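Novice: You'll find input_11.pdb just under this line, and it carries PDB, C-alpha atoms and all ligand atoms.
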ATOM      1  CA  MET A   1       0.000   0.000   0.000
ATOM      2  CA  ALA A   2       1.349   3.408  -0.907
ATOM      3  CA  SER A   3       2.266   5.676   1.973
ATOM      4  CA  THR A   4       0.361   8.936   2.335
ATOM      5  CA  SER A   5       3.321  10.847   3.769
ATOM      6  CA  PRO A   6       6.130  11.805   1.442
ATOM      7  CA  GLY A   7       9.529  10.221   1.826
ATOM      8  CA  ARG A   8      12.350  12.579   2.674
ATOM      9  CA  PHE A   9      15.810  12.527   1.198
ATOM     10  CA  VAL A  10      18.533  13.250   3.757
ATOM     11  CA  THR A  11      22.209  13.058   2.850
ATOM     12  CA  PHE A  12      25.264  12.947   5.122
ATOM     13  CA  GLU A  13      28.504  14.564   4.061
ATOM     14  CA  GLY A  14      31.942  15.198   5.533
ATOM     15  CA  GLY A  15      35.514  13.999   5.361
ATOM     16  CA  GLU A  16      37.006  10.644   6.248
ATOM     17  CA  GLY A  17      36.069   9.471   9.751
ATOM     18  CA  ALA A  18      33.621  12.321  10.380
ATOM     19  CA  GLY A  19      31.034   9.897  11.775
ATOM     20  CA  LYS A  20      28.655   9.653   8.815
ATOM     21  CA  SER A  21      28.072   5.901   9.030
ATOM     22  CA  THR A  22      27.729   6.056  12.819
ATOM     23  CA  GLN A  23      25.167   8.864  12.772
ATOM     24  CA  ILE A  24      23.144   7.387   9.917
ATOM     25  CA  ALA A  25      22.738   4.158  11.877
ATOM     26  CA  ARG A  26      21.593   6.099  14.966
ATOM     27  CA  LEU A  27      19.195   8.319  13.051
ATOM     28  CA  ALA A  28      17.701   5.349  11.201
ATOM     29  CA  ALA A  29      16.917   3.688  14.531
ATOM     30  CA  ARG A  30      15.290   6.871  15.870
ATOM     31  CA  LEU A  31      13.122   7.327  12.776
ATOM     32  CA  GLU A  32      12.085   3.677  12.717
ATOM     33  CA  ALA A  33      11.137   3.941  16.395
ATOM     34  CA  VAL A  34       8.456   6.513  15.494
ATOM     35  CA  GLY A  35       7.119   4.318  12.706
ATOM     36  CA  LEU A  36       8.834   5.807   9.681
ATOM     37  CA  ARG A  37      10.147   3.530   6.978
ATOM     38  CA  VAL A  38      13.856   4.127   6.397
ATOM     39  CA  LEU A  39      16.336   3.120   3.734
ATOM     40  CA  ARG A  40      20.030   3.422   4.553
ATOM     41  CA  THR A  41      22.230   3.591   1.519
ATOM     42  CA  ARG A  42      25.550   5.021   0.364
ATOM     43  CA  GLU A  43      27.479   6.517  -2.492
ATOM     44  CA  PRO A  44      29.264   5.639  -4.564
ATOM     45  CA  GLY A  45      27.245   2.431  -4.473
ATOM     46  CA  GLY A  46      23.778   1.366  -3.409
ATOM     47  CA  THR A  47      23.138  -1.060  -6.281
ATOM     48  CA  GLU A  48      25.135  -4.079  -7.405
ATOM     49  CA  GLU A  49      26.466  -2.236 -10.448
ATOM     50  CA  ALA A  50      27.201   0.966  -8.543
ATOM     51  CA  GLU A  51      29.029  -1.021  -5.861
ATOM     52  CA  ALA A  52      31.246  -2.440  -8.627
ATOM     53  CA  ILE A  53      32.054   1.145  -9.623
ATOM     54  CA  ARG A  54      32.678   1.944  -5.948
ATOM     55  CA  ARG A  55      35.399  -0.693  -5.830
ATOM     56  CA  LEU A  56      37.069   0.858  -8.893
ATOM     57  CA  LEU A  57      37.003   4.246  -7.178
ATOM     58  CA  LEU A  58      38.021   3.309  -3.644
ATOM     59  CA  GLU A  59      40.714   0.707  -4.205
ATOM     60  CA  GLY A  60      44.258   1.151  -5.460
ATOM     61  CA  ARG A  61      46.766   3.952  -5.670
ATOM     62  CA  ALA A  62      45.777   7.493  -4.676
ATOM     63  CA  GLU A  63      46.502   8.703  -8.225
ATOM     64  CA  ARG A  64      44.769   5.809  -9.985
ATOM     65  CA  TRP A  65      42.180   8.029 -11.719
ATOM     66  CA  THR A  66      42.277  11.554 -13.065
ATOM     67  CA  PRO A  67      39.686  13.779 -11.356
ATOM     68  CA  THR A  68      37.607  13.942 -14.536
ATOM     69  CA  ALA A  69      37.510  10.155 -14.868
ATOM     70  CA  GLU A  70      36.559   9.979 -11.180
ATOM     71  CA  LEU A  71      33.745  12.434 -11.784
ATOM     72  CA  LEU A  72      32.291  10.375 -14.617
ATOM     73  CA  LEU A  73      32.539   7.110 -12.687
ATOM     74  CA  VAL A  74      30.798   8.644  -9.679
ATOM     75  CA  ALA A  75      28.139  10.099 -11.962
ATOM     76  CA  ALA A  76      27.473   6.749 -13.630
ATOM     77  CA  ALA A  77      27.066   5.090 -10.239
ATOM     78  CA  ARG A  78      24.747   7.911  -9.102
ATOM     79  CA  ALA A  79      22.523   7.599 -12.171
ATOM     80  CA  GLU A  80      22.015   3.901 -11.393
ATOM     81  CA  HIS A  81      21.441   4.441  -7.698
ATOM     82  CA  LEU A  82      18.930   7.244  -8.182
ATOM     83  CA  ALA A  83      16.852   5.546 -10.834
ATOM     84  CA  ARG A  84      16.767   2.100  -9.308
ATOM     85  CA  VAL A  85      16.815   2.720  -5.558
ATOM     86  CA  ILE A  86      16.449   6.301  -4.317
ATOM     87  CA  GLU A  87      13.595   7.591  -6.490
ATOM     88  CA  PRO A  88      11.420   4.474  -6.094
ATOM     89  CA  ALA A  89      11.945   4.527  -2.319
ATOM     90  CA  LEU A  90      10.993   8.200  -2.002
ATOM     91  CA  GLU A  91       7.919   7.668  -4.142
ATOM     92  CA  ALA A  92       6.853   4.839  -1.833
ATOM     93  CA  GLY A  93       7.091   7.148   1.186
ATOM     94  CA  VAL A  94      10.386   5.780   2.489
ATOM     95  CA  TRP A  95      12.906   8.081   4.170
ATOM     96  CA  VAL A  96      16.224   7.751   2.383
ATOM     97  CA  LEU A  97      19.397   8.334   4.432
ATOM     98  CA  CYS A  98      22.336   8.435   2.054
ATOM     99  CA  ASP A  99      26.004   8.308   3.114
ATOM    100  CA  ARG A 100      27.633  10.836   0.738
ATOM    101  CA  TYR A 101      25.894  12.234  -2.348
ATOM    102  CA  LEU A 102      26.371  15.064  -4.796
ATOM    103  CA  ASP A 103      28.149  17.429  -2.422
ATOM    104  CA  SER A 104      30.971  14.891  -2.051
ATOM    105  CA  THR A 105      31.380  14.994  -5.825
ATOM    106  CA  ARG A 106      31.368  18.793  -5.790
ATOM    107  CA  VAL A 107      34.091  18.756  -3.145
ATOM    108  CA  TYR A 108      36.290  15.717  -3.909
ATOM    109  CA  GLN A 109      36.353  16.118  -7.685
ATOM    110  CA  GLY A 110      35.313  19.755  -8.078
ATOM    111  CA  LEU A 111      37.021  21.771  -5.342
ATOM    112  CA  ALA A 112      39.736  19.490  -3.941
ATOM    113  CA  GLY A 113      40.346  17.375  -7.058
ATOM    114  CA  GLY A 114      40.740  20.271  -9.468
ATOM    115  CA  VAL A 115      37.884  19.686 -11.936
ATOM    116  CA  GLY A 116      36.243  22.903 -10.735
ATOM    117  CA  LEU A 117      32.893  23.360  -9.002
ATOM    118  CA  GLU A 118      31.266  24.890 -12.039
ATOM    119  CA  ARG A 119      32.038  21.939 -14.314
ATOM    120  CA  VAL A 120      30.838  19.451 -11.730
ATOM    121  CA  ASP A 121      27.640  21.391 -11.140
ATOM    122  CA  ARG A 122      26.975  21.726 -14.842
ATOM    123  CA  LEU A 123      27.297  17.988 -15.359
ATOM    124  CA  GLN A 124      25.156  17.141 -12.339
ATOM    125  CA  ARG A 125      22.478  19.718 -13.112
ATOM    126  CA  GLU A 126      22.230  19.938 -16.870
ATOM    127  CA  VAL A 127      23.331  16.543 -18.115
ATOM    128  CA  LEU A 128      22.161  14.280 -15.329
ATOM    129  CA  ASP A 129      19.415  16.337 -13.635
ATOM    130  CA  PHE A 130      20.223  14.807 -10.257
ATOM    131  CA  ARG A 131      17.671  15.266  -7.506
ATOM    132  CA  LEU A 132      18.629  17.603  -4.668
ATOM    133  CA  PRO A 133      18.382  16.312  -1.079
ATOM    134  CA  ASP A 134      15.671  17.775   1.171
ATOM    135  CA  LEU A 135      18.346  18.198   3.820
ATOM    136  CA  THR A 136      22.095  17.632   3.933
ATOM    137  CA  ILE A 137      23.912  17.108   7.231
ATOM    138  CA  LEU A 138      27.528  18.211   6.987
ATOM    139  CA  LEU A 139      29.606  16.623   9.752
ATOM    140  CA  ASP A 140      32.490  19.032  10.211
ATOM    141  CA  LEU A 141      35.642  18.348  12.184
ATOM    142  CA  PRO A 142      39.386  18.985  12.011
ATOM    143  CA  VAL A 143      41.088  16.851   9.361
ATOM    144  CA  GLU A 144      43.515  15.209  11.821
ATOM    145  CA  VAL A 145      40.691  14.156  14.142
ATOM    146  CA  GLY A 146      38.808  12.473  11.318
ATOM    147  CA  LEU A 147      41.840  10.703   9.889
ATOM    148  CA  ALA A 148      42.868   9.483  13.349
ATOM    149  CA  ARG A 149      39.366   8.044  13.903
ATOM    150  CA  ARG A 150      39.486   6.436  10.494
ATOM    151  CA  ARG A 151      42.886   4.813  11.138
ATOM    152  CA  ALA A 152      41.828   3.546  14.555
ATOM    153  CA  ALA A 153      38.751   1.972  12.945
ATOM    154  CA  GLY A 154      40.717   0.128  10.222
ATOM    155  CA  ALA A 155      41.843   0.464   6.628
ATOM    156  CA  GLY A 156      40.458   3.459   4.773
ATOM    157  CA  SER A 157      39.920   4.148   1.081
ATOM    158  CA  ARG A 158      42.110   5.393  -1.741
ATOM    159  CA  PHE A 159      41.011   8.929  -0.840
ATOM    160  CA  GLU A 160      42.444   8.615   2.664
ATOM    161  CA  ARG A 161      45.890   8.220   1.066
ATOM    162  CA  LYS A 162      45.712  11.557  -0.744
ATOM    163  CA  GLY A 163      47.643  13.523   1.853
ATOM    164  CA  PRO A 164      46.979  16.407   4.250
ATOM    165  CA  ALA A 165      46.702  19.240   1.712
ATOM    166  CA  PHE A 166      43.954  17.391  -0.151
ATOM    167  CA  HIS A 167      42.002  16.773   3.047
ATOM    168  CA  ALA A 168      42.340  20.387   4.100
ATOM    169  CA  ARG A 169      40.792  21.384   0.750
ATOM    170  CA  VAL A 170      37.999  18.858   1.341
ATOM    171  CA  ARG A 171      37.106  20.391   4.691
ATOM    172  CA  GLU A 172      37.242  23.939   3.370
ATOM    173  CA  GLY A 173      35.229  22.921   0.312
ATOM    174  CA  PHE A 174      32.398  21.437   2.364
ATOM    175  CA  ARG A 175      32.293  24.490   4.622
ATOM    176  CA  MET A 176      32.095  26.747   1.589
ATOM    177  CA  LEU A 177      29.156  24.781   0.163
ATOM    178  CA  ALA A 178      27.319  24.965   3.502
ATOM    179  CA  ALA A 179      27.825  28.714   3.666
ATOM    180  CA  ALA A 180      26.496  29.094   0.120
ATOM    181  CA  GLU A 181      23.361  26.964   0.684
ATOM    182  CA  PRO A 182      22.497  27.294   4.380
ATOM    183  CA  GLU A 183      18.846  26.392   3.793
ATOM    184  CA  ARG A 184      19.767  22.939   2.446
ATOM    185  CA  ILE A 185      23.123  22.142   4.064
ATOM    186  CA  ALA A 186      23.309  22.169   7.870
ATOM    187  CA  LEU A 187      26.796  22.274   9.341
ATOM    188  CA  VAL A 188      27.062  20.127  12.470
ATOM    189  CA  ASP A 189      30.109  20.194  14.753
ATOM    190  CA  ALA A 190      31.303  16.571  14.702
ATOM    191  CA  ASP A 191      34.243  17.014  17.085
ATOM    192  CA  ARG A 192      32.273  16.037  20.188
ATOM    193  CA  PRO A 193      30.649  12.940  21.714
ATOM    194  CA  LEU A 194      28.412  10.780  19.531
ATOM    195  CA  GLU A 195      25.310  11.451  21.629
ATOM    196  CA  GLU A 196      25.618  15.214  21.315
ATOM    197  CA  ILE A 197      25.933  14.986  17.551
ATOM    198  CA  GLU A 198      22.954  12.641  17.406
ATOM    199  CA  ALA A 199      20.857  15.099  19.436
ATOM    200  CA  ALA A 200      21.851  17.995  17.189
ATOM    201  CA  ILE A 201      20.850  16.047  14.081
ATOM    202  CA  LEU A 202      17.499  15.041  15.585
ATOM    203  CA  ALA A 203      16.798  18.660  16.502
ATOM    204  CA  LEU A 204      17.466  19.683  12.903
ATOM    205  CA  LEU A 205      15.084  17.049  11.545
ATOM    206  CA  ARG A 206      12.360  17.976  14.013
ATOM    207  CA  ALA A 207      12.619  21.634  13.056
ATOM    208  CA  ARG A 208      12.732  20.907   9.345
ATOM    209  CA  PHE A 209      10.185  18.122   8.967
ATOM    210  CA  GLY A 210       8.009  18.393  12.066
ATOM    211  CA  ILE A 211       8.555  14.804  13.136
ATOM    212  CA  ASP A 212       8.501  13.778  16.804
ATOM    213  CA  ALA A 213      11.512  11.444  16.738
TER     214      ALA A 213
HETATM  215  N1  LIG A 301      31.746  11.561  17.827
HETATM  216  C1  LIG A 301      32.679  10.598  17.802
HETATM  217  N2  LIG A 301      33.653  10.581  18.702
HETATM  218  C2  LIG A 301      34.600   9.625  18.686
HETATM  219  N3  LIG A 301      34.669   8.632  17.774
HETATM  220  C3  LIG A 301      33.718   8.599  16.831
HETATM  221  C4  LIG A 301      32.675   9.588  16.779
HETATM  222  N4  LIG A 301      31.882   9.299  15.725
HETATM  223  C5  LIG A 301      32.399   8.217  15.148
HETATM  224  N5  LIG A 301      33.488   7.769  15.804
HETATM  225  C6  LIG A 301      34.341   6.612  15.471
HETATM  226  O1  LIG A 301      35.191   7.030  14.408
HETATM  227  C7  LIG A 301      35.292   6.009  13.430
HETATM  228  C8  LIG A 301      34.791   6.568  12.102
HETATM  229  O2  LIG A 301      33.381   6.812  12.207
HETATM  230  P1  LIG A 301      32.439   6.511  10.971
HETATM  231  O3  LIG A 301      32.823   5.221  10.331
HETATM  232  O4  LIG A 301      31.044   6.673  11.421
HETATM  233  O5  LIG A 301      32.861   7.735  10.033
HETATM  234  P2  LIG A 301      32.572   7.948   8.491
HETATM  235  O6  LIG A 301      32.340   9.399   8.323
HETATM  236  O7  LIG A 301      31.507   7.021   8.057
HETATM  237  O8  LIG A 301      33.975   7.541   7.861
HETATM  238  P3  LIG A 301      34.314   7.138   6.322
HETATM  239  O9  LIG A 301      34.360   8.394   5.543
HETATM  240  O10 LIG A 301      35.669   6.524   6.421
HETATM  241  O11 LIG A 301      33.260   6.186   5.885
HETATM  242  C9  LIG A 301      34.508   4.819  13.944
HETATM  243  O12 LIG A 301      35.380   3.947  14.612
HETATM  244  C10 LIG A 301      33.539   5.443  14.932
HETATM  245  O13 LIG A 301      33.177   4.552  15.944
HETATM  246 MG    MG A 302      31.475   5.585   6.562
END
Would you mind writing the structure in this file as structure tokens?
Ligand SMILES: Nc1ncnc2c1ncn2[C@@H]1O[C@H](COP(=O)(O)OP(=O)(O)OP(=O)(O)O)[C@@H](O)[C@H]1O
Ligand SMILES: [Mg+2]

Specialist:
Amino acid sequence: MASTSPGRFVTFEGGEGAGKSTQIARLAARLEAVGLRVLRTREPGGTEEAEAIRRLLLEGRAERWTPTAELLLVAAARAEHLARVIEPALEAGVWVLCDRYLDSTRVYQGLAGGVGLERVDRLQREVLDFRLPDLTILLDLPVEVGLARRRAAGAGSRFERKGPAFHARVREGFRMLAAAEPERIALVDADRPLEEIEAAILALLRARFGIDA
């Protein structure tokens, strides 16, 4: 039976080890506890084919791909994920919580990778017509704190090996996007205990969507 309430599309962004996966799991549990249907998914990935692209992107040497090739691989994975998973879920009234989405592309390939924000945005907007999230949570924390968390948790991705200057550009890039689109992208201080971050995210969702989670 189709749901009468609309699904919401919430994306989580931030650098390596920011706590995206941790907070998505916590938020999903809170939303499910008030009876909402939730889909947790991630990018690049989220379908069998897009996960195959993910492996191409995340494994191997830091310099394996040029930023433009990276952009096109991410975009191909996103087209699959949107059409086959995200859009159908939202139409069925499911809340979609996505670990990274188009702002990661704007930052990793556009601002930090050197493709340029304008080129990335043009591709995403004009060629692919990607759907914008209803809300984006940007988990912001100092680069060293995130990388230390990541290392303590186990092996990271090809992007983790890109060096400190790259990660500094990633953080600055995300902060710039949040400042430019404050109505969509909420910057959350992620350099504090898990529970405080979780409470801040819940408060944002209550204010934005009127839920009582
Ligand atoms: N607020 C926090 N304080 C301390 N440690 C944390 C906090 N949030 C997450 N962690 C720990 O840091 C590690 C990285 O967290 P998590 O995997 O959620 O980050 P992520 O943003 O998903 O990282 P990645 O970009 O690598 O996927 C995990 O071991 C997690 O338990
Ligand atoms: Mg993660």

Novice: Would you mind telling me which residue in A:Leu128, A:Ile185, A:Leu204, A:Leu39 lies nearest to Pro88 of chain A when using only C-alpha atoms?

Specialist: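 Once distances to Pro88 of chain A are computed over only C-alpha atoms, the minimum belongs to A:Leu39.
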
Novice: If you count all atoms listed in the file, which residues fall within 12 Å of Ala83 of chain A, apart from same-chain ones fewer than 6 positions away, as a ChimeraX atom specification?

Specialist: /A:46-47,50,76-77,89-91,128-131

Novice: Given the PyMOL selection byres (((not hetatm)) within 10 of (chain A and resi 302)) and the file above, list the residues it selects as a count of residues only.

Specialist: 19

Novice: Rank A:Glu160, A:Asp140, A:Glu172, A:Glu181 by their smallest atom-to-atom distance to Ile197 of chain A, using all atoms listed in the file, and report the top residue only.

Specialist: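 Distance minimum relative to Ile197 of chain A lands on A:Asp140.
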
Novice: Using only the atoms of ligand LIG 301 (chain A) listed in the file, plus 3 Å on each side, state the axis-aligned box centre and edge lengths in Å rounded to one decimal, as AutoDock Vina command-line options.

Specialist:
--center_x 33.4 --center_y 7.8 --center_z 12.1 --size_x 10.6 --size_y 13.6 --size_z 19.2

Novice: Can you give me, as a ChimeraX atom specification, the residues this file yields under the PyMOL selection byres (((chain A and resi 190-193) around 9) and not hetatm)?

Specialist: /A:18-19,138-142,145-146,188-189,194-198

Novice: Write the residues of the preceding selection, restricted to C-alpha atoms, as a CSV table (one decimal), keeping the file's coordinate frame.

Specialist:
chain,number,residue,atom,x,y,z
A,18,ALA,CA,33.6,12.3,10.4
A,19,GLY,CA,31.0,9.9,11.8
A,138,LEU,CA,27.5,18.2,7.0
A,139,LEU,CA,29.6,16.6,9.8
A,140,ASP,CA,32.5,19.0,10.2
A,141,LEU,CA,35.6,18.3,12.2
A,142,PRO,CA,39.4,19.0,12.0
A,145,VAL,CA,40.7,14.2,14.1
A,146,GLY,CA,38.8,12.5,11.3
A,188,VAL,CA,27.1,20.1,12.5
A,189,ASP,CA,30.1,20.2,14.8
A,194,LEU,CA,28.4,10.8,19.5
A,195,GLU,CA,25.3,11.5,21.6
A,196,GLU,CA,25.6,15.2,21.3
A,197,ILE,CA,25.9,15.0,17.6
A,198,GLU,CA,23.0,12.6,17.4

Novice: Rank nothing, just name the residue among A:Phe209, A:Arg158, A:Gln124, A:Arg171 nearest to Val143 of chain A, using only C-alpha atoms.

Specialist: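 The shortest atom-to-atom distance to Val143 of chain A comes from A:Arg171.
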
Novice: Which residue, A:Phe166, A:Phe159, A:Tyr101, A:Phe174, has the smallest gap to His81 of chain A when you use all atoms listed in the file?

Specialist: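 Closest candidate: A:Tyr101.
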
Novice: For each of A:Leu123, A:Leu31, A:Leu97, A:Ile137, take the minimum atom-to-atom distance to Thr68 of chain A, counting all atoms listed in the file, then give the residue where this is smallest.

Specialist: A:Leu123

Novice: A:Gly113, A:Ala179, A:Ile201, A:Asp134: which is nearest His167 of chain A, counting only C-alpha atoms?

Specialist: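 Of the candidates, the smallest distance to His167 of chain A is held by A:Gly113.
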
Novice: Any idea what the distance is between atom CA of Arg8 of chain A and atom CA of Leu56 of chain A?

Specialist: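 About the pair atom CA of Arg8 of chain A and atom CA of Leu56 of chain A: they are 29.7 Å apart.
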
Novice: Tell me, in Å to one decimal, how far atom CA of Val10 of chain A is from atom CA of Arg161 of chain A.

Specialist: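 Straight-line distance from atom CA of Val10 of chain A to atom CA of Arg161 of chain A works out to 27.9 Å.
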
Novice: Just give me the gap between atom CA of Ala92 of chain A and atom CA of Arg125 of chain A in Å, one decimal is fine.

Specialist: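 Between atom CA of Ala92 of chain A and atom CA of Arg125 of chain A the gap works out to 24.3 Å.
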